[in-house]
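Q: The structure file input-v2.cif (mmCIF, C-alpha atoms and all ligand atoms) is provided below.
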data_query
loop_
_atom_site.group_PDB
_atom_site.id
_atom_site.type_symbol
_atom_site.label_atom_id
_atom_site.label_comp_id
_atom_site.auth_asym_id
_atom_site.auth_seq_id
_atom_site.Cartn_x
_atom_site.Cartn_y
_atom_site.Cartn_z
ATOM 1 C CA MET A 1 10.004 -2.688 -14.049
ATOM 2 C CA LYS A 2 6.696 -3.205 -12.248
ATOM 3 C CA VAL A 3 7.195 -4.087 -8.570
ATOM 4 C CA VAL A 4 4.585 -5.963 -6.544
ATOM 5 C CA ILE A 5 4.728 -5.951 -2.721
ATOM 6 C CA THR A 6 2.895 -8.144 -0.243
ATOM 7 C CA TYR A 7 3.150 -9.192 3.407
ATOM 8 C CA GLY A 8 2.406 -12.248 5.489
ATOM 9 C CA THR A 9 3.365 -14.778 8.121
ATOM 10 C CA PHE A 10 3.627 -17.691 5.646
ATOM 11 C CA ASP A 11 3.846 -20.270 8.415
ATOM 12 C CA LEU A 12 3.696 -23.972 7.444
ATOM 13 C CA PHE A 13 4.066 -22.887 3.789
ATOM 14 C CA HIS A 14 1.224 -24.434 1.782
ATOM 15 C CA VAL A 15 -0.443 -24.341 -1.644
ATOM 16 C CA GLY A 16 -2.607 -21.391 -0.639
ATOM 17 C CA HIS A 17 0.551 -19.347 -0.145
ATOM 18 C CA VAL A 18 2.171 -20.695 -3.326
ATOM 19 C CA ARG A 19 -0.887 -19.979 -5.483
ATOM 20 C CA LEU A 20 -1.164 -16.438 -4.115
ATOM 21 C CA LEU A 21 2.531 -15.722 -4.667
ATOM 22 C CA LYS A 22 2.232 -17.126 -8.214
ATOM 23 C CA ARG A 23 -0.726 -14.840 -8.977
ATOM 24 C CA LEU A 24 1.046 -11.876 -7.421
ATOM 25 C CA SER A 25 4.164 -12.539 -9.506
ATOM 26 C CA GLU A 26 1.999 -12.438 -12.635
ATOM 27 C CA LEU A 27 0.895 -8.874 -11.799
ATOM 28 C CA GLY A 28 4.384 -7.458 -12.369
ATOM 29 C CA ASP A 29 8.062 -8.048 -13.045
ATOM 30 C CA LYS A 30 9.318 -8.346 -9.463
ATOM 31 C CA LEU A 31 7.631 -9.673 -6.313
ATOM 32 C CA ILE A 32 8.897 -8.626 -2.876
ATOM 33 C CA VAL A 33 7.483 -10.091 0.321
ATOM 34 C CA GLY A 34 7.461 -8.767 3.884
ATOM 35 C CA ILE A 35 7.658 -11.692 6.306
ATOM 36 C CA SER A 36 6.218 -11.085 9.767
ATOM 37 C CA LEU A 37 8.806 -11.182 12.539
ATOM 38 C CA ASP A 38 7.946 -13.509 15.433
ATOM 39 C CA GLU A 39 7.557 -10.451 17.669
ATOM 40 C CA PHE A 40 5.090 -8.879 15.187
ATOM 41 C CA ASN A 41 3.163 -12.136 15.025
ATOM 42 C CA ASN A 42 2.651 -11.840 18.769
ATOM 43 C CA LEU A 43 1.012 -8.455 18.092
ATOM 44 C CA LYS A 44 -1.153 -10.130 15.432
ATOM 45 C CA GLY A 45 -2.160 -12.751 17.989
ATOM 46 C CA LYS A 46 -0.399 -15.434 15.967
ATOM 47 C CA LYS A 47 2.268 -17.887 17.119
ATOM 48 C CA SER A 48 4.037 -19.415 14.151
ATOM 49 C CA PHE A 49 5.482 -22.946 14.181
ATOM 50 C CA PHE A 50 8.563 -21.894 12.181
ATOM 51 C CA SER A 51 10.785 -18.981 13.187
ATOM 52 C CA TYR A 52 11.027 -15.794 11.140
ATOM 53 C CA GLU A 53 14.382 -16.942 9.758
ATOM 54 C CA GLU A 54 12.962 -20.305 8.616
ATOM 55 C CA ARG A 55 9.811 -18.732 7.125
ATOM 56 C CA ALA A 56 11.899 -16.126 5.287
ATOM 57 C CA GLU A 57 14.223 -18.834 3.908
ATOM 58 C CA ILE A 58 11.272 -20.923 2.682
ATOM 59 C CA VAL A 59 9.448 -18.014 0.992
ATOM 60 C CA ASN A 60 12.706 -16.733 -0.514
ATOM 61 C CA ALA A 61 13.213 -20.202 -2.054
ATOM 62 C CA CYS A 62 9.880 -19.902 -3.870
ATOM 63 C CA LYS A 63 10.498 -19.309 -7.582
ATOM 64 C CA TYR A 64 7.809 -16.609 -7.722
ATOM 65 C CA VAL A 65 9.536 -14.460 -5.079
ATOM 66 C CA ASP A 66 12.440 -12.102 -5.817
ATOM 67 C CA PHE A 67 13.166 -10.640 -2.377
ATOM 68 C CA VAL A 68 12.020 -10.963 1.227
ATOM 69 C CA PHE A 69 12.362 -8.497 4.076
ATOM 70 C CA PRO A 70 11.166 -8.330 7.714
ATOM 71 C CA GLU A 71 7.733 -7.033 8.609
ATOM 72 C CA CYS A 72 8.174 -5.506 12.058
ATOM 73 C CA ASP A 73 4.932 -3.584 12.579
ATOM 74 C CA TRP A 74 1.646 -2.417 11.029
ATOM 75 C CA GLU A 75 3.022 1.025 10.219
ATOM 76 C CA GLN A 76 5.920 0.248 7.868
ATOM 77 C CA LYS A 77 4.003 -0.454 4.644
ATOM 78 C CA ARG A 78 3.927 3.128 3.351
ATOM 79 C CA ASP A 79 7.660 3.565 3.907
ATOM 80 C CA ASP A 80 8.349 0.161 2.312
ATOM 81 C CA ILE A 81 6.296 0.980 -0.790
ATOM 82 C CA ILE A 82 8.291 4.190 -1.236
ATOM 83 C CA LYS A 83 11.636 2.558 -0.376
ATOM 84 C CA TYR A 84 11.144 -0.350 -2.784
ATOM 85 C CA GLN A 85 9.281 1.785 -5.358
ATOM 86 C CA ALA A 86 6.402 -0.693 -5.401
ATOM 87 C CA ASP A 87 3.714 -0.130 -8.029
ATOM 88 C CA ILE A 88 1.196 -2.631 -6.641
ATOM 89 C CA PHE A 89 0.379 -3.555 -3.063
ATOM 90 C CA ALA A 90 -1.548 -6.840 -3.061
ATOM 91 C CA MET A 91 -2.979 -9.200 -0.456
ATOM 92 C CA GLY A 92 -5.438 -12.058 -0.249
ATOM 93 C CA GLU A 93 -9.076 -10.963 -0.134
ATOM 94 C CA ASP A 94 -9.352 -11.713 3.598
ATOM 95 C CA TRP A 95 -7.713 -8.285 3.882
ATOM 96 C CA GLU A 96 -10.208 -6.658 1.472
ATOM 97 C CA GLY A 97 -10.383 -2.918 2.136
ATOM 98 C CA LYS A 98 -7.945 -2.931 5.061
ATOM 99 C CA PHE A 99 -5.121 -1.309 3.101
ATOM 100 C CA ASP A 100 -7.038 0.980 0.725
ATOM 101 C CA PHE A 101 -5.412 3.963 2.476
ATOM 102 C CA LEU A 102 -2.249 3.113 0.525
ATOM 103 C CA ASN A 103 -3.925 3.800 -2.833
ATOM 104 C CA ASP A 104 -2.493 7.331 -3.011
ATOM 105 C CA ILE A 105 1.003 5.921 -3.635
ATOM 106 C CA CYS A 106 0.334 2.609 -5.433
ATOM 107 C CA ASP A 107 -2.392 0.348 -6.803
ATOM 108 C CA VAL A 108 -4.029 -1.702 -4.031
ATOM 109 C CA VAL A 109 -5.229 -5.158 -5.102
ATOM 110 C CA TYR A 110 -6.914 -8.003 -3.232
ATOM 111 C CA LEU A 111 -6.824 -11.463 -4.787
ATOM 112 C CA PRO A 112 -9.005 -14.497 -4.102
ATOM 113 C CA ARG A 113 -7.730 -16.840 -1.424
ATOM 114 C CA THR A 114 -7.362 -20.581 -1.944
ATOM 115 C CA GLU A 115 -10.286 -22.253 -0.230
ATOM 116 C CA ASP A 116 -10.074 -25.104 2.288
ATOM 117 C CA ILE A 117 -6.501 -24.595 3.379
ATOM 118 C CA SER A 118 -4.903 -22.447 6.043
ATOM 119 C CA THR A 119 -2.094 -22.730 8.550
ATOM 120 C CA THR A 120 -4.685 -22.934 11.335
ATOM 121 C CA GLU A 121 -6.503 -25.822 9.615
ATOM 122 C CA ILE A 122 -3.224 -27.688 9.153
ATOM 123 C CA LYS A 123 -2.393 -27.269 12.844
ATOM 124 C CA ASN A 124 -5.884 -28.440 13.863
ATOM 125 C CA LYS A 125 -5.734 -31.539 11.641
ATOM 126 C CA LEU A 126 -2.270 -32.435 12.902
ATOM 127 C CA SER A 127 -3.457 -32.145 16.507
ATOM 128 C CA GLU A 128 -6.198 -34.718 15.766
ATOM 129 C CA LEU A 129 -3.761 -37.341 14.457
HETATM 130 N N1 LIG A 201 -3.630 -16.795 1.688
HETATM 131 C C1 LIG A 201 -4.346 -17.263 0.588
HETATM 132 N N2 LIG A 201 -4.994 -18.450 0.660
HETATM 133 C C2 LIG A 201 -4.948 -19.190 1.802
HETATM 134 C C3 LIG A 201 -4.207 -18.736 2.916
HETATM 135 C C4 LIG A 201 -3.543 -17.518 2.838
HETATM 136 O O1 LIG A 201 -4.406 -16.595 -0.466
HETATM 137 N N3 LIG A 201 -5.608 -20.389 1.834
HETATM 138 C C5 LIG A 201 -2.963 -15.495 1.572
HETATM 139 C C6 LIG A 201 -3.467 -14.477 2.590
HETATM 140 O O2 LIG A 201 -4.643 -13.834 2.109
HETATM 141 C C7 LIG A 201 -2.283 -13.514 2.678
HETATM 142 C C8 LIG A 201 -1.069 -14.430 2.402
HETATM 143 O O3 LIG A 201 -1.581 -15.649 1.836
HETATM 144 O O4 LIG A 201 -2.368 -12.513 1.650
HETATM 145 C C9 LIG A 201 -0.309 -14.754 3.662
HETATM 146 O O5 LIG A 201 -1.234 -15.297 4.600
HETATM 147 P P1 LIG A 201 -0.785 -15.346 6.146
HETATM 148 O O6 LIG A 201 0.544 -15.985 6.257
HETATM 149 O O7 LIG A 201 -1.938 -15.870 6.930
HETATM 150 O O8 LIG A 201 -0.574 -13.781 6.439
HETATM 151 P P2 LIG A 201 -1.371 -12.879 7.490
HETATM 152 O O9 LIG A 201 -1.271 -13.472 8.830
HETATM 153 O O10 LIG A 201 -2.677 -12.597 6.876
HETATM 154 O O11 LIG A 201 -0.438 -11.572 7.565
HETATM 155 O O12 LIG A 201 0.480 -6.951 7.371
HETATM 156 C C10 LIG A 201 -0.201 -8.023 6.727
HETATM 157 C C11 LIG A 201 -0.012 -9.299 7.518
HETATM 158 O O13 LIG A 201 1.357 -9.575 7.726
HETATM 159 C C12 LIG A 201 -0.664 -10.457 6.777
#
As structure tokens, please, write out the structure in this file.
Ligand code: C2G
A:
Amino acid sequence: MKVVITYGTFDLFHVGHVRLLKRLSELGDKLIVGISLDEFNNLKGKKSFFSYEERAEIVNACKYVDFVFPECDWEQKRDDIIKYQADIFAMGEDWEGKFDFLNDICDVVYLPRTEDISTTEIKNKLSEL
């Protein structure tokens, strides 16, 4: 059973998120996703439109995802990988290199992002309506 782990805010769930989760699910047998708590988003300098609970419910409803859990801080990844026995840690390539320090306990993979869509762009376009 190959377990893939990833993390994100996943606010205003869009095709960029779906396509990434689909590709991640194809890397293994089980995909687990850490969803950023609202408090952690504040640390990331992000304010999400949907609450943690709503974002977790939406991502958990995605057919490519097997399990979601809270992402509370930057430091929990190593413990999570061990706790969930993850074989692959994967993120979109905007994080390229940022998590290579985890490669002593799992494979670290960065996948191409989907161009021309992001939560920020959606918010900007909506504000112009
Ligand atoms: N993503 C993507 N294509 C897009 C937008 C996002 O592939 N057009 C990917 C990102 O690369 C990331 C995932 O979708 O791997 C989630 O993106 P965000 O919700 O923006 O997550 P982020 O704020 O980057 O939080 O500890 C890691 C952080 O929690 C990641």
Q: Starting from the point (2.7, -4.0, 5.8), work out which residues of protein, DNA or RNA have an atom no more than 12 Å away when counting only C-alpha atoms; state them as JSON, numbers by chain.
A: {"A": [5, 6, 7, 8, 9, 32, 33, 34, 35, 36, 37, 40, 69, 70, 71, 72, 73, 74, 75, 76, 77, 78, 79, 80, 81, 89, 90, 91, 95, 98, 99, 101, 102]}
Q: I need the residue set behind the PyMOL selection byres (((chain A and resi 16) around 8) and not hetatm) for this file; please write it as a short mmCIF file (atom, residue, chain, number, x, y, z; two decimals) with C-alpha atoms, in the coordinates of the input.
A:
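Writing done, so here's part.cif:
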data_model
loop_
_atom_site.label_atom_id
_atom_site.label_comp_id
_atom_site.auth_asym_id
_atom_site.auth_seq_id
_atom_site.Cartn_x
_atom_site.Cartn_y
_atom_site.Cartn_z
CA HIS A 14 1.22 -24.43 1.78
CA VAL A 15 -0.44 -24.34 -1.64
CA HIS A 17 0.55 -19.35 -0.14
CA VAL A 18 2.17 -20.70 -3.33
CA ARG A 19 -0.89 -19.98 -5.48
CA LEU A 20 -1.16 -16.44 -4.12
CA ARG A 113 -7.73 -16.84 -1.42
CA THR A 114 -7.36 -20.58 -1.94
CA GLU A 115 -10.29 -22.25 -0.23
CA ILE A 117 -6.50 -24.60 3.38
CA SER A 118 -4.90 -22.45 6.04
#
Q: Can you measure CA of Glu26 in chain A to atom C12 of ligand LIG 201 (chain A) for me? One decimal in Å is fine.
A: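 We find that CA of Glu26 in chain A and atom C12 of ligand LIG 201 (chain A) lie 19.7 Å from each other.
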Q: Counting only C-alpha atoms, find residues at most 12 Å from (10.3, -3.0, -11.8) (file frame) and give them as a list in words.
A: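 Residues found, by chain and rising number: Met1, Lys2, Val3, Val4, Ile5, Ser25, Leu27, Gly28, Asp29, Lys30, Leu31, Ile32, Asp66, Tyr84, Gln85, Ala86, Asp87 and Ile88 of chain A.
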Q: Draw an axis-aligned box over all listed atoms of ligand LIG 201 (chain A), pad each side with 6 Å, and write its centre and edge lengths in Å, one decimal, as AutoDock Vina command-line options.
A:
--center_x -2.1 --center_y -13.7 --center_z 4.2 --size_x 19.0 --size_y 25.4 --size_z 21.3
Q: Would you work out the distance separating CA of Asp104 in chain A from CA of Lys83 in chain A, expressed in Å to one decimal?
A: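 These atoms are spaced 15.1 Å apart.
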Q: Please report the interatomic distance between CA of Glu121 in chain A and CA of Asn41 in chain A in Å with one decimal.
A: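 Distance between the two atoms: 17.6 Å.
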Q: Selected by the PyMOL selection byres (((chain A and resi 57) around 12) and not hetatm) in the shown coordinates: which residues, as a list in words?
A: Phe10, Asp11, Phe13, Val33, Ile35, Phe50, Ser51, Tyr52, Glu53, Glu54, Arg55, Ala56, Ile58, Val59, Asn60, Ala61, Cys62, Val65, Asp66, Phe67, Val68, Phe69 and Pro70 of chain A
Q: Find, counting all atoms listed in the file, the residue in A:Glu39, A:Cys106, A:Leu21, A:Ser127 that gets nearest to ligand LIG 201 (chain A).
A: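 Of A:Glu39, A:Cys106, A:Leu21, A:Ser127, the one nearest ligand LIG 201 (chain A) is A:Leu21, counting all atoms listed in the file.
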Q: With N, CA and C atoms retained, output range 89-101 of chain A as a compact mmCIF listing (two decimals), in the first residue's frame.
A:
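Final output, out.txt:
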# COMPACT_ATOMS: atom_id res chain seq x y z
N PHE A 89 5.93 12.24 -0.37
CA PHE A 89 5.45 13.58 -0.04
C PHE A 89 5.46 14.36 -1.33
N ALA A 90 4.33 14.93 -1.73
CA ALA A 90 4.28 15.62 -3.04
C ALA A 90 3.52 16.93 -2.93
N MET A 91 4.02 17.92 -3.68
CA MET A 91 3.40 19.24 -3.74
C MET A 91 3.49 19.77 -5.15
N GLY A 92 2.75 20.85 -5.42
CA GLY A 92 2.90 21.53 -6.70
C GLY A 92 4.29 22.16 -6.77
N GLU A 93 4.74 22.39 -8.00
CA GLU A 93 6.13 22.83 -8.21
C GLU A 93 6.42 24.24 -7.68
N ASP A 94 5.39 24.99 -7.30
CA ASP A 94 5.65 26.29 -6.68
C ASP A 94 6.38 26.09 -5.35
N TRP A 95 6.39 24.88 -4.85
CA TRP A 95 7.11 24.56 -3.61
C TRP A 95 8.44 23.85 -3.88
N GLU A 96 8.82 23.81 -5.16
CA GLU A 96 10.05 23.09 -5.57
C GLU A 96 11.20 23.34 -4.59
N GLY A 97 11.75 22.26 -4.05
CA GLY A 97 12.94 22.36 -3.20
C GLY A 97 12.67 22.67 -1.75
N LYS A 98 11.48 23.22 -1.44
CA LYS A 98 11.22 23.70 -0.08
C LYS A 98 11.12 22.56 0.94
N PHE A 99 10.81 21.36 0.48
CA PHE A 99 10.60 20.26 1.42
C PHE A 99 11.57 19.10 1.17
N ASP A 100 12.68 19.38 0.49
CA ASP A 100 13.66 18.32 0.19
C ASP A 100 14.23 17.72 1.47
N PHE A 101 14.19 18.47 2.57
CA PHE A 101 14.75 17.97 3.84
C PHE A 101 14.01 16.72 4.35
